[in-house]
$ cat run27.txt   # compact mmCIF, C-alpha atoms
# COMPACT_ATOMS: atom_id res chain seq x y z
CA MET A 15 -9.43 32.10 2.15
CA SER A 16 -8.48 35.66 1.17
CA THR A 17 -9.96 36.81 -2.15
CA ALA A 18 -6.41 37.74 -3.19
CA GLN A 19 -5.33 34.12 -3.05
CA ASN A 20 -5.43 31.43 -5.69
CA HIS A 21 -8.30 29.34 -4.36
CA ARG A 22 -8.12 25.57 -4.25
CA ALA A 23 -11.06 23.21 -4.42
CA GLU A 24 -11.81 21.32 -1.23
CA THR A 25 -14.40 18.90 -0.01
CA GLU A 26 -15.00 17.73 3.53
CA ALA A 27 -14.39 14.17 4.63
CA ALA A 28 -15.24 12.60 7.95
CA ASP A 29 -12.50 12.54 10.54
CA PRO A 30 -12.74 9.38 12.69
CA LEU A 31 -11.86 11.47 15.73
CA GLY A 32 -14.71 13.91 15.31
CA SER A 33 -13.25 16.90 13.45
CA SER A 34 -13.39 17.63 9.73
CA LEU A 35 -10.65 16.69 7.31
CA PRO A 36 -10.23 18.87 4.20
CA VAL A 37 -9.40 16.78 1.15
CA ASN A 38 -8.01 18.66 -1.85
CA MET A 39 -8.91 16.98 -5.11
CA THR A 40 -6.09 18.77 -6.98
CA GLY A 41 -3.30 18.09 -4.49
CA ARG A 42 -1.70 15.13 -6.28
CA GLY A 43 2.04 15.08 -5.61
CA ARG A 44 1.64 17.44 -2.66
CA ALA A 45 1.88 16.67 1.05
CA ALA A 46 -0.77 19.18 2.12
CA HIS A 47 -4.27 18.58 0.79
CA SER A 48 -5.80 21.74 2.22
CA ASN A 49 -5.17 25.44 1.78
CA LYS A 50 -6.80 27.29 4.65
CA ALA A 51 -6.22 31.03 4.79
CA GLY A 52 -3.35 32.39 6.86
CA ARG A 53 -4.07 33.53 10.39
CA PHE A 54 -3.79 37.23 9.48
CA GLU A 55 -6.48 37.17 6.78
CA ALA A 56 -9.80 38.91 7.54
CA GLU A 57 -11.75 36.68 5.18
CA SER A 58 -11.70 33.02 4.29
CA ARG A 59 -13.40 31.20 1.43
CA GLU A 60 -13.92 27.52 0.85
CA LEU A 61 -14.93 26.02 -2.47
CA MET A 62 -17.29 23.07 -2.29
CA ASP A 63 -18.48 20.63 -4.92
CA ASP A 64 -21.90 21.93 -6.05
CA GLY A 65 -22.94 18.54 -7.39
CA TRP A 66 -21.87 19.07 -10.99
CA GLY A 67 -18.59 17.19 -10.54
CA THR A 68 -16.45 20.15 -11.59
CA ILE A 69 -13.87 19.52 -8.85
CA ASP A 70 -12.75 16.34 -10.61
CA GLU A 71 -11.99 18.40 -13.74
CA LEU A 72 -9.53 20.73 -12.01
CA PRO A 73 -5.89 20.25 -13.09
CA PRO A 74 -3.11 19.43 -10.59
CA ILE A 75 -1.62 22.43 -8.85
CA LYS A 76 1.45 23.83 -10.59
CA THR A 77 4.35 25.56 -8.88
CA GLU A 78 4.38 29.34 -9.29
CA VAL A 79 7.54 31.36 -8.63
CA GLN A 80 7.48 35.08 -7.93
CA ILE A 81 10.65 37.15 -8.09
CA GLU A 82 11.48 39.08 -4.92
CA ALA A 83 14.05 41.87 -4.92
CA ALA A 84 15.78 41.38 -1.58
CA ARG A 85 16.98 44.44 0.34
CA HIS A 86 18.70 42.35 3.02
CA VAL A 87 19.65 38.66 3.01
CA ILE A 88 21.51 38.05 6.27
CA THR A 89 19.02 37.38 9.05
CA LYS A 90 20.25 37.61 12.63
CA ASN A 91 18.88 35.68 15.62
CA SER A 92 19.67 35.51 19.33
CA SER A 93 18.13 32.11 20.09
CA PRO A 94 19.97 30.16 22.81
CA ASP A 95 18.88 26.94 21.07
CA LEU A 96 20.70 27.60 17.80
CA PRO A 97 24.42 27.09 17.10
CA PHE A 98 24.46 30.05 14.68
CA ASP A 99 23.44 33.69 14.92
CA ARG A 100 22.94 34.46 11.23
CA SER A 101 21.38 32.76 8.24
CA ILE A 102 20.36 33.22 4.61
CA ASN A 103 17.18 32.01 2.89
CA PRO A 104 17.40 32.27 -0.91
CA TYR A 105 13.72 31.25 -1.23
CA ARG A 106 10.42 31.68 0.59
CA GLY A 107 8.23 28.60 0.59
CA CYS A 108 9.57 25.18 -0.36
CA GLU A 109 8.55 22.87 -3.18
CA HIS A 110 9.75 19.83 -1.25
CA GLY A 111 6.41 20.15 0.53
CA CYS A 112 7.40 18.38 3.75
CA ILE A 113 4.14 18.20 5.70
CA TYR A 114 5.91 18.70 9.04
CA CYS A 115 7.92 21.78 7.98
CA PHE A 116 8.05 24.25 10.86
CA ALA A 117 8.52 27.11 8.34
CA ARG A 118 5.02 26.73 6.88
CA PRO A 119 3.47 29.40 9.17
CA THR A 120 5.81 32.04 7.70
CA HIS A 121 3.77 32.03 4.49
CA ALA A 122 0.93 33.65 6.42
CA TYR A 123 3.06 36.82 6.55
CA MET A 124 2.81 36.91 2.75
CA GLY A 125 -1.00 36.72 2.82
CA LEU A 126 -0.81 33.09 1.70
CA SER A 127 -1.73 29.74 3.19
CA PRO A 128 0.75 27.59 5.12
CA GLY A 129 -0.93 24.66 3.36
CA LEU A 130 -0.69 24.13 -0.39
CA ASP A 131 0.43 27.71 -1.03
CA PHE A 132 3.61 27.10 0.96
CA GLU A 133 4.72 24.33 -1.37
CA SER A 134 3.38 25.72 -4.65
CA ARG A 135 3.55 29.55 -4.46
CA LEU A 136 7.21 30.34 -4.00
CA PHE A 137 9.40 33.43 -3.89
CA ALA A 138 12.94 33.57 -5.27
CA LYS A 139 15.60 36.19 -4.50
CA PRO A 140 17.81 36.31 -7.61
CA ASN A 141 19.80 39.30 -6.30
CA ALA A 142 20.71 37.50 -3.06
CA ALA A 143 24.40 37.12 -3.97
CA GLN A 144 24.79 40.80 -4.85
CA VAL A 145 23.07 41.91 -1.64
CA LEU A 146 25.17 39.47 0.37
CA GLU A 147 28.36 40.90 -1.06
CA ARG A 148 27.24 44.38 -0.09
CA GLU A 149 26.39 43.30 3.46
CA LEU A 150 29.68 41.45 3.91
CA GLY A 151 31.49 44.59 2.82
CA ALA A 152 29.92 46.79 5.49
CA SER A 153 32.52 48.33 7.80
CA SER A 154 30.77 46.97 10.89
CA TYR A 155 30.47 43.37 9.66
CA GLN A 156 32.27 40.70 11.70
CA PRO A 157 32.41 37.16 10.25
CA LYS A 158 30.75 34.18 11.88
CA PRO A 159 29.45 31.04 10.12
CA ILE A 160 26.35 31.71 8.04
CA ALA A 161 23.75 28.93 8.13
CA ILE A 162 21.77 28.20 4.98
CA GLY A 163 18.81 25.82 4.83
CA THR A 164 17.58 26.49 8.34
CA ASN A 165 14.15 27.67 7.18
CA THR A 166 13.48 26.50 3.62
CA ASP A 167 15.73 24.25 1.55
CA PRO A 168 18.23 26.15 -0.64
CA TYR A 169 18.43 23.13 -2.97
CA GLN A 170 14.71 22.69 -3.57
CA PRO A 171 13.77 21.87 -7.20
CA ILE A 172 13.55 25.50 -8.45
CA GLU A 173 17.23 25.96 -7.58
CA ARG A 174 18.03 23.96 -10.73
CA THR A 175 16.75 26.89 -12.76
CA HIS A 176 17.49 29.91 -10.58
CA LYS A 177 20.92 28.83 -9.23
CA ILE A 178 20.74 31.40 -6.43
CA MET A 179 22.46 29.11 -3.95
CA ARG A 180 25.41 28.60 -6.25
CA ASP A 181 25.80 32.37 -6.69
CA VAL A 182 25.74 32.79 -2.89
CA LEU A 183 28.41 30.11 -2.44
CA GLU A 184 30.64 31.81 -5.01
CA VAL A 185 30.53 35.02 -2.96
CA LEU A 186 31.28 33.18 0.29
CA ASN A 187 34.15 31.28 -1.33
CA LYS A 188 35.64 34.44 -2.81
CA THR A 189 35.52 36.27 0.52
CA GLY A 190 36.70 33.31 2.62
CA HIS A 191 33.52 33.29 4.68
CA PRO A 192 32.45 30.10 6.57
CA VAL A 193 29.09 28.47 5.79
CA THR A 194 27.01 25.56 7.08
CA ILE A 195 24.31 24.01 4.91
CA VAL A 196 21.31 21.85 5.76
CA THR A 197 19.45 20.16 2.92
CA LYS A 198 17.51 17.05 2.00
CA SER A 199 18.29 17.38 -1.69
CA ALA A 200 20.86 15.51 -3.76
CA LEU A 201 21.17 18.68 -5.85
CA VAL A 202 23.84 19.78 -3.37
CA MET A 203 26.22 17.50 -5.29
CA ARG A 204 26.15 20.03 -8.16
CA ASP A 205 28.19 22.42 -6.01
CA ILE A 206 30.82 19.97 -4.83
CA ASP A 207 33.46 21.90 -6.78
CA ILE A 208 32.92 25.06 -4.69
CA LEU A 209 32.24 23.26 -1.41
CA SER A 210 35.34 21.07 -1.64
CA GLU A 211 37.50 24.12 -2.29
CA MET A 212 36.00 25.81 0.77
CA ALA A 213 36.32 22.64 2.86
CA GLU A 214 40.07 22.54 2.18
CA ARG A 215 40.24 25.84 4.09
CA ASN A 216 37.82 24.68 6.79
CA LEU A 217 35.11 27.04 5.54
CA ALA A 218 32.23 24.67 4.78
CA LYS A 219 30.29 21.71 6.03
CA VAL A 220 26.99 20.11 4.98
CA ALA A 221 24.28 18.31 6.92
CA ILE A 222 21.93 16.02 5.05
CA SER A 223 18.50 15.67 6.66
CA VAL A 224 17.19 12.10 6.75
CA THR A 225 13.72 11.58 8.21
CA THR A 226 13.19 7.94 7.27
CA LEU A 227 14.76 5.19 5.17
CA ASP A 228 11.31 3.99 4.11
CA ARG A 229 10.73 5.25 0.57
CA LYS A 230 6.96 4.91 0.82
CA ILE A 231 6.73 7.05 3.97
CA ALA A 232 9.26 9.54 2.58
CA ARG A 233 7.29 9.96 -0.62
CA SER A 234 4.20 10.87 1.36
CA LEU A 235 5.93 12.98 4.05
CA GLU A 236 8.31 14.81 1.69
CA PRO A 237 6.82 14.32 -1.78
CA ARG A 238 9.28 16.39 -3.82
CA ALA A 239 12.45 15.94 -1.79
CA SER A 240 15.19 13.53 -2.85
CA THR A 241 14.52 9.88 -2.02
CA PRO A 242 16.41 8.36 0.95
CA PRO A 243 18.85 6.47 -1.36
CA ARG A 244 19.66 9.71 -3.20
CA ARG A 245 20.39 11.47 0.08
CA LEU A 246 22.75 8.65 1.06
CA GLN A 247 24.41 9.04 -2.33
CA ALA A 248 24.87 12.75 -1.60
CA ILE A 249 26.47 12.00 1.78
CA LYS A 250 28.96 9.66 0.10
CA ALA A 251 29.75 12.07 -2.72
CA LEU A 252 30.30 14.98 -0.35
CA SER A 253 32.38 12.89 2.03
CA ASP A 254 34.50 11.46 -0.79
CA ALA A 255 35.19 15.04 -1.93
CA GLY A 256 36.59 15.89 1.51
CA ILE A 257 33.61 17.95 2.64
CA PRO A 258 32.68 17.43 6.32
CA THR A 259 29.24 15.86 6.19
CA ALA A 260 26.74 15.33 8.98
CA VAL A 261 23.45 13.48 9.20
CA LEU A 262 20.49 15.31 10.71
CA ALA A 263 17.88 12.76 11.80
CA ALA A 264 14.98 15.14 11.65
CA PRO A 265 12.31 15.29 12.48
CA ILE A 266 12.01 12.28 14.74
CA ILE A 267 8.29 11.41 14.64
CA PRO A 268 7.43 9.36 17.75
CA GLY A 269 5.37 6.30 16.98
CA LEU A 270 6.11 6.53 13.26
CA THR A 271 9.82 6.97 12.47
CA ASP A 272 11.55 6.98 15.87
CA HIS A 273 12.31 3.25 15.61
CA GLU A 274 14.61 4.05 12.67
CA LEU A 275 16.97 6.32 14.62
CA GLU A 276 19.80 3.79 15.00
CA SER A 277 19.38 2.52 11.43
CA ILE A 278 19.56 6.03 9.99
CA LEU A 279 22.74 6.82 11.91
CA GLU A 280 24.35 3.51 10.96
CA VAL A 281 23.71 3.70 7.23
CA CYS A 282 24.73 7.37 7.06
CA LYS A 283 27.99 6.54 8.86
CA GLU A 284 28.60 3.80 6.30
CA HIS A 285 28.20 6.41 3.55
CA GLY A 286 30.73 8.79 5.10
CA ALA A 287 28.92 10.96 7.63
CA THR A 288 31.13 12.02 10.53
CA GLU A 289 28.68 14.00 12.68
CA ALA A 290 25.08 13.48 13.76
CA SER A 291 22.24 15.35 15.44
CA TYR A 292 18.48 14.95 15.76
CA ILE A 293 15.40 17.10 16.30
CA LEU A 294 12.01 16.06 17.65
CA LEU A 295 8.94 16.78 15.51
CA ARG A 296 7.76 20.39 15.92
CA LEU A 297 4.18 21.44 15.23
CA PRO A 298 3.94 25.23 15.59
CA ARG A 299 0.72 27.09 14.67
CA GLU A 300 -0.85 25.83 11.42
CA VAL A 301 1.58 22.92 11.11
CA SER A 302 -0.27 21.08 13.86
CA GLU A 303 -3.53 20.80 11.93
CA LEU A 304 -1.80 20.10 8.62
CA PHE A 305 0.21 17.26 10.15
CA LYS A 306 -2.89 15.80 11.80
CA GLU A 307 -4.70 15.89 8.46
CA TRP A 308 -1.78 14.02 6.92
CA LEU A 309 -1.76 11.41 9.70
CA LEU A 310 -5.48 10.73 9.30
CA ARG A 311 -5.06 10.39 5.56
CA GLU A 312 -1.79 8.45 5.34
CA ALA A 313 -1.36 6.65 8.68
CA PRO A 314 -4.72 6.64 10.50
CA GLY A 315 -3.73 3.64 12.61
CA SER A 316 -0.82 5.60 14.10
CA TYR A 317 -2.77 8.82 14.76
CA ARG A 318 -3.49 8.36 18.45
CA ARG A 319 -0.10 6.84 19.30
CA VAL A 320 1.90 9.57 17.52
CA LEU A 321 0.01 12.42 19.18
CA SER A 322 -0.02 10.73 22.58
CA LEU A 323 3.76 10.24 22.56
CA LEU A 324 4.40 13.72 21.20
CA ARG A 325 2.18 15.36 23.81
CA SER A 326 3.88 13.38 26.57
CA MET A 327 7.05 15.28 25.63
CA ARG A 328 5.30 18.66 25.24
CA ASP A 329 3.43 19.05 28.55
CA GLY A 330 0.26 17.67 26.98
CA LYS A 331 0.37 20.06 24.02
CA ASP A 332 1.04 19.53 20.34
CA TYR A 333 3.95 21.97 20.60
CA ASP A 334 5.98 23.74 23.25
CA ALA A 335 8.12 26.65 22.04
CA GLN A 336 10.14 27.05 25.25
CA TRP A 337 13.87 27.52 24.87
CA THR A 338 15.85 24.31 25.48
CA GLN A 339 12.63 22.27 25.07
CA ARG A 340 11.39 22.84 21.53
CA PHE A 341 13.99 20.69 19.75
CA LYS A 342 14.21 17.73 22.13
CA GLY A 343 11.11 17.75 24.36
CA LYS A 344 11.16 16.54 27.95
CA GLY A 345 9.94 13.62 30.03
CA PRO A 346 10.75 9.88 30.05
CA TYR A 347 10.26 9.30 26.32
CA ALA A 348 12.38 12.32 25.39
CA ASP A 349 15.11 11.15 27.77
CA GLN A 350 15.00 7.71 26.18
CA LEU A 351 15.42 9.22 22.70
CA ALA A 352 18.39 11.27 23.88
CA LYS A 353 20.08 8.21 25.42
CA ARG A 354 19.44 6.11 22.31
CA PHE A 355 20.99 8.83 20.17
CA GLN A 356 24.09 9.15 22.33
CA LEU A 357 24.62 5.38 22.51
CA ALA A 358 24.14 5.03 18.74
CA CYS A 359 26.64 7.83 18.03
CA LYS A 360 29.17 6.23 20.35
CA SER A 361 28.78 2.73 18.92
CA LYS A 362 28.92 3.90 15.31
CA GLY A 363 31.72 6.41 15.73
CA LEU A 364 29.71 9.53 14.99
CA SER A 365 30.47 12.81 16.71
CA SER A 366 27.58 14.70 18.32
CA ARG A 367 29.72 17.83 18.49
CA SER A 368 29.70 20.30 15.64
CA LEU A 369 32.91 21.02 13.72
CA LYS A 370 34.12 24.57 14.32
CA LEU A 371 34.75 26.42 11.06
CA SER A 372 37.43 29.05 10.47
CA CYS A 373 36.54 32.75 10.59
CA ASP A 374 40.14 33.96 10.17
CA GLN A 375 40.26 33.91 6.37
CA PHE A 376 37.54 36.46 5.71
CA ILE A 377 38.40 39.27 3.30
CA LYS A 378 35.87 42.07 2.96
CA PRO A 379 34.64 42.45 -0.61
CA THR A 380 35.52 45.71 -2.33
CA CYS A 381 32.75 45.55 -4.91
CA GLY A 382 29.09 44.67 -4.97
CA GLY A 383 27.85 48.16 -4.28
CA VAL A 384 29.66 48.69 -0.97
CA GLN A 385 29.29 52.31 0.12
CA LEU A 386 32.61 53.95 0.89
CA SER A 387 33.09 55.59 4.27
CA LEU A 388 32.77 59.37 4.37
CA LEU A 389 35.40 59.56 7.13

$ encode --input "run27.txt" --output "structure tokens"
Amino acid sequence: MSTAQNHRAETEAADPLGSSLPVNMTGRGRAAHSNKAGRFEAESRELMDDGWGTIDELPPIKTEVQIEAARHVITKNSSPDLPFDRSINPYRGCEHGCIYCFARPTHAYMGLSPGLDFESRLFAKPNAAQVLERELGASSYQPKPIAIGTNTDPYQPIERTHKIMRDVLEVLNKTGHPVTIVTKSALVMRDIDILSEMAERNLAKVAISVTTLDRKIARSLEPRASTPPRRLQAIKALSDAGIPTAVLAAPIIPGLTDHELESILEVCKEHGATEASYILLRLPREVSELFKEWLLREAPGSYRRVLSLLRSMRDGKDYDAQWTQRFKGKGPYADQLAKRFQLACKSKGLSSRSLKLSCDQFIKPTCGGVQLSLL
């Protein structure tokens, strides 16, 4: 681990499949139990128990938040797989700590670990709303729906204090700009007043991510995210307020949660969801090893089956980043999942097509530091 990092104590435990499994003695309440250095670091360091039992005396890891002054907040993409071309991330890292999170490798760009650092060493952008207003006011800006929650969750626990997401929504509401939100937090209900006002003008919709209905598995997979019942409560509250609400069954973990697909769609429909989509488990870069560590620790009996099924959909690999393949996979099992999803949507009255939001009500802001044209 880099000497610039906050080092975490680790010991080595035997992996029944022949590799080594880092076990962090201070990782209580966290999904990751290891904190290996990011792939760009020249040095790595590992703390071992020297026999004096000092590891047991270490306190649980606390969340640290560093303020980041953002220069830009709208991120553009040209991916053919994504239904949006721009997004906003109010935070780097995510305290929800979902072990499968595909965004974990991005922490390596900060000189930090995709492991425990990703869920405990966070970055907040308190000036995001002001920068957004400036960017929306640029003469060349053309409105299209902005996606929020596509990388890290905008309603993770630190949002209760920082309220960056609410500030961003106020700017979007004031300018009549469309927004789509993905979250697995019931905290989204706090902003129903703004979202319902936007929804009346067809400017907002929310997707609630539901991985499993099993509270025990959810607590281990997503230790600081809202429980499944709370997410269902959020779907109902949003729907009752007239906000278009979708369920995102994601990620589908073959051999562990895939049997719940129909149940998830059914119960979310009962709570008011009108749309549905799903994404197959993705294990890019460091996420692969972190997820395998979790499987060996939390569901060792499912280890071989989960990886075997996943690799059957990824050309024998843990992950395949090819366009059109990364979200759904390919092969017989992937085809079966797709057919199950379509049949379930049809039988339960859920649309698999995304609601198109309005871009015709956008009014460029005239404040927020917009530079006037010299011509």

$ atom_distance --input "run27.txt" --atom1 "CA of Ser372 in chain A" --atom2 "CA of Ile249 in chain A"
22.1 Å

$ closest_residue --input "run27.txt" --among "A:Arg85, A:Lys342, A:Arg233, A:Lys177" --to "Val145 in chain A" --atoms "all atoms listed in the file"
A:Arg85

$ residues_around --input "run27.txt" --residues "range 162-165 of chain A" --least-positions-apart "2" --cutoff "7 Å" --atoms "all atoms listed in the file" --output "list of chain:residue names"
A:Ser101, A:Ile102, A:Asn103, A:Ala117, A:Ile160, A:Asp167, A:Pro168, A:Thr194, A:Ile195, A:Val196, A:Thr197

$ closest_residue --input "run27.txt" --among "A:Val281, A:Arg238, A:Ala290, A:Ser326" --to "Ser366 in chain A" --atoms "all atoms listed in the file"
A:Ala290

$ atom_distance --input "run27.txt" --atom1 "CA of Val182 in chain A" --atom2 "CA of Pro140 in chain A"
9.9 Å

$ closest_residue --input "run27.txt" --among "A:Tyr347, A:Tyr333, A:Tyr292, A:Phe341" --to "Pro268 in chain A" --atoms "all atoms listed in the file"
A:Tyr347

$ residues_near_point --input "run27.txt" --point "(7.7, 19.5, 14.4)" --cutoff "9 Å" --atoms "only C-alpha atoms" --output "PyMOL selection string"
chain A and resi 114-116+264-267+293-298+301-302+305+332-333+340-341

$ write_last_selection --input "run27.txt" --atoms "C-alpha atoms" --output "short mmCIF file (atom, residue, chain, number, x, y, z; two decimals), in the coordinates of the input"
data_model
loop_
_atom_site.label_atom_id
_atom_site.label_comp_id
_atom_site.auth_asym_id
_atom_site.auth_seq_id
_atom_site.Cartn_x
_atom_site.Cartn_y
_atom_site.Cartn_z
CA TYR A 114 5.91 18.70 9.04
CA CYS A 115 7.92 21.78 7.98
CA PHE A 116 8.05 24.25 10.86
CA ALA A 264 14.98 15.14 11.65
CA PRO A 265 12.31 15.29 12.48
CA ILE A 266 12.01 12.28 14.74
CA ILE A 267 8.29 11.41 14.64
CA ILE A 293 15.40 17.10 16.30
CA LEU A 294 12.01 16.06 17.65
CA LEU A 295 8.94 16.78 15.51
CA ARG A 296 7.76 20.39 15.92
CA LEU A 297 4.18 21.44 15.23
CA PRO A 298 3.94 25.23 15.59
CA VAL A 301 1.58 22.92 11.11
CA SER A 302 -0.27 21.08 13.86
CA PHE A 305 0.21 17.26 10.15
CA ASP A 332 1.04 19.53 20.34
CA TYR A 333 3.95 21.97 20.60
CA ARG A 340 11.39 22.84 21.53
CA PHE A 341 13.99 20.69 19.75
#

$ residues_around --input "run27.txt" --residues "Asp181 in chain A" --least-positions-apart "2" --cutoff "12 Å" --atoms "all atoms listed in the file" --output "list of chain:residue names"
A:Pro104, A:Lys139, A:Pro140, A:Asn141, A:Ala142, A:Ala143, A:Gln144, A:Val145, A:Leu146, A:Glu147, A:Pro168, A:Glu173, A:His176, A:Lys177, A:Ile178, A:Met179, A:Leu183, A:Glu184, A:Val185, A:Leu186, A:Asn187, A:Lys188, A:Asp205, A:Ile208

$ closest_residue --input "run27.txt" --among "A:Gly111, A:Gln350, A:Ala138, A:Pro97" --to "Ala84 in chain A" --atoms "all atoms listed in the file"
A:Ala138

$ closest_residue --input "run27.txt" --among "A:Lys331, A:Arg100, A:Arg318, A:Arg180" --to "Pro192 in chain A" --atoms "all atoms listed in the file"
A:Arg100

$ closest_residue --input "run27.txt" --among "A:Phe132, A:Phe355, A:Tyr123, A:Phe54" --to "Val79 in chain A" --atoms "all atoms listed in the file"
A:Phe132

$ build_atoms --input "run27.txt" --residues "range 80-98 of chain A" --atoms "N, CA, C and O atoms" --output "PDB file, keeping the file's coordinate frame"
ATOM      1  N   GLN A  80       7.510  33.624  -7.826  1.00  0.00           N
ATOM      2  CA  GLN A  80       7.480  35.080  -7.930  1.00  0.00           C
ATOM      3  C   GLN A  80       8.857  35.625  -7.549  1.00  0.00           C
ATOM      4  O   GLN A  80       9.462  35.180  -6.586  1.00  0.00           O
ATOM      5  N   ILE A  81       9.344  36.567  -8.341  1.00  0.00           N
ATOM      6  CA  ILE A  81      10.650  37.150  -8.090  1.00  0.00           C
ATOM      7  C   ILE A  81      10.544  38.214  -6.994  1.00  0.00           C
ATOM      8  O   ILE A  81       9.665  39.072  -7.031  1.00  0.00           O
ATOM      9  N   GLU A  82      11.445  38.132  -6.023  1.00  0.00           N
ATOM     10  CA  GLU A  82      11.480  39.080  -4.920  1.00  0.00           C
ATOM     11  C   GLU A  82      12.827  39.782  -4.911  1.00  0.00           C
ATOM     12  O   GLU A  82      13.871  39.132  -4.858  1.00  0.00           O
ATOM     13  N   ALA A  83      12.809  41.098  -4.979  1.00  0.00           N
ATOM     14  CA  ALA A  83      14.050  41.870  -4.920  1.00  0.00           C
ATOM     15  C   ALA A  83      14.412  42.066  -3.448  1.00  0.00           C
ATOM     16  O   ALA A  83      13.796  42.873  -2.745  1.00  0.00           O
ATOM     17  N   ALA A  84      15.401  41.334  -2.996  1.00  0.00           N
ATOM     18  CA  ALA A  84      15.780  41.380  -1.580  1.00  0.00           C
ATOM     19  C   ALA A  84      16.555  42.651  -1.271  1.00  0.00           C
ATOM     20  O   ALA A  84      17.446  43.057  -2.025  1.00  0.00           O
ATOM     21  N   ARG A  85      16.233  43.282  -0.140  1.00  0.00           N
ATOM     22  CA  ARG A  85      16.980  44.440   0.340  1.00  0.00           C
ATOM     23  C   ARG A  85      18.050  44.009   1.337  1.00  0.00           C
ATOM     24  O   ARG A  85      19.085  44.650   1.471  1.00  0.00           O
ATOM     25  N   HIS A  86      17.755  42.929   2.073  1.00  0.00           N
ATOM     26  CA  HIS A  86      18.700  42.350   3.020  1.00  0.00           C
ATOM     27  C   HIS A  86      18.610  40.828   2.894  1.00  0.00           C
ATOM     28  O   HIS A  86      17.538  40.292   2.614  1.00  0.00           O
ATOM     29  N   VAL A  87      19.698  40.131   3.084  1.00  0.00           N
ATOM     30  CA  VAL A  87      19.650  38.660   3.010  1.00  0.00           C
ATOM     31  C   VAL A  87      20.178  37.979   4.267  1.00  0.00           C
ATOM     32  O   VAL A  87      19.831  36.830   4.523  1.00  0.00           O
ATOM     33  N   ILE A  88      21.005  38.661   5.037  1.00  0.00           N
ATOM     34  CA  ILE A  88      21.510  38.050   6.270  1.00  0.00           C
ATOM     35  C   ILE A  88      20.525  38.334   7.390  1.00  0.00           C
ATOM     36  O   ILE A  88      20.276  39.487   7.737  1.00  0.00           O
ATOM     37  N   THR A  89      19.959  37.260   7.938  1.00  0.00           N
ATOM     38  CA  THR A  89      19.020  37.380   9.050  1.00  0.00           C
ATOM     39  C   THR A  89      19.714  37.005  10.343  1.00  0.00           C
ATOM     40  O   THR A  89      20.340  35.953  10.439  1.00  0.00           O
ATOM     41  N   LYS A  90      19.614  37.866  11.333  1.00  0.00           N
ATOM     42  CA  LYS A  90      20.250  37.610  12.630  1.00  0.00           C
ATOM     43  C   LYS A  90      19.243  37.027  13.618  1.00  0.00           C
ATOM     44  O   LYS A  90      18.045  37.296  13.532  1.00  0.00           O
ATOM     45  N   ASN A  91      19.725  36.213  14.555  1.00  0.00           N
ATOM     46  CA  ASN A  91      18.880  35.680  15.620  1.00  0.00           C
ATOM     47  C   ASN A  91      19.696  35.610  16.908  1.00  0.00           C
ATOM     48  O   ASN A  91      20.926  35.563  16.866  1.00  0.00           O
ATOM     49  N   SER A  92      18.999  35.610  18.030  1.00  0.00           N
ATOM     50  CA  SER A  92      19.670  35.510  19.330  1.00  0.00           C
ATOM     51  C   SER A  92      19.162  34.313  20.124  1.00  0.00           C
ATOM     52  O   SER A  92      19.201  34.299  21.349  1.00  0.00           O
ATOM     53  N   SER A  93      18.686  33.282  19.419  1.00  0.00           N
ATOM     54  CA  SER A  93      18.130  32.110  20.090  1.00  0.00           C
ATOM     55  C   SER A  93      19.210  31.312  20.812  1.00  0.00           C
ATOM     56  O   SER A  93      20.246  30.973  20.216  1.00  0.00           O
ATOM     57  N   PRO A  94      18.992  30.987  22.085  1.00  0.00           N
ATOM     58  CA  PRO A  94      19.970  30.160  22.810  1.00  0.00           C
ATOM     59  C   PRO A  94      19.961  28.702  22.358  1.00  0.00           C
ATOM     60  O   PRO A  94      20.853  27.934  22.731  1.00  0.00           O
ATOM     61  N   ASP A  95      18.973  28.318  21.551  1.00  0.00           N
ATOM     62  CA  ASP A  95      18.880  26.940  21.070  1.00  0.00           C
ATOM     63  C   ASP A  95      19.699  26.684  19.822  1.00  0.00           C
ATOM     64  O   ASP A  95      19.940  25.533  19.464  1.00  0.00           O
ATOM     65  N   LEU A  96      20.083  27.754  19.118  1.00  0.00           N
ATOM     66  CA  LEU A  96      20.700  27.600  17.800  1.00  0.00           C
ATOM     67  C   LEU A  96      22.213  27.783  17.862  1.00  0.00           C
ATOM     68  O   LEU A  96      22.705  28.663  18.580  1.00  0.00           O
ATOM     69  N   PRO A  97      22.957  26.982  17.101  1.00  0.00           N
ATOM     70  CA  PRO A  97      24.420  27.090  17.100  1.00  0.00           C
ATOM     71  C   PRO A  97      24.933  28.163  16.155  1.00  0.00           C
ATOM     72  O   PRO A  97      26.131  28.234  15.896  1.00  0.00           O
ATOM     73  N   PHE A  98      24.069  28.974  15.601  1.00  0.00           N
ATOM     74  CA  PHE A  98      24.460  30.050  14.680  1.00  0.00           C
ATOM     75  C   PHE A  98      23.636  31.295  15.019  1.00  0.00           C
ATOM     76  O   PHE A  98      22.557  31.212  15.592  1.00  0.00           O
TER      77      PHE A  98
END
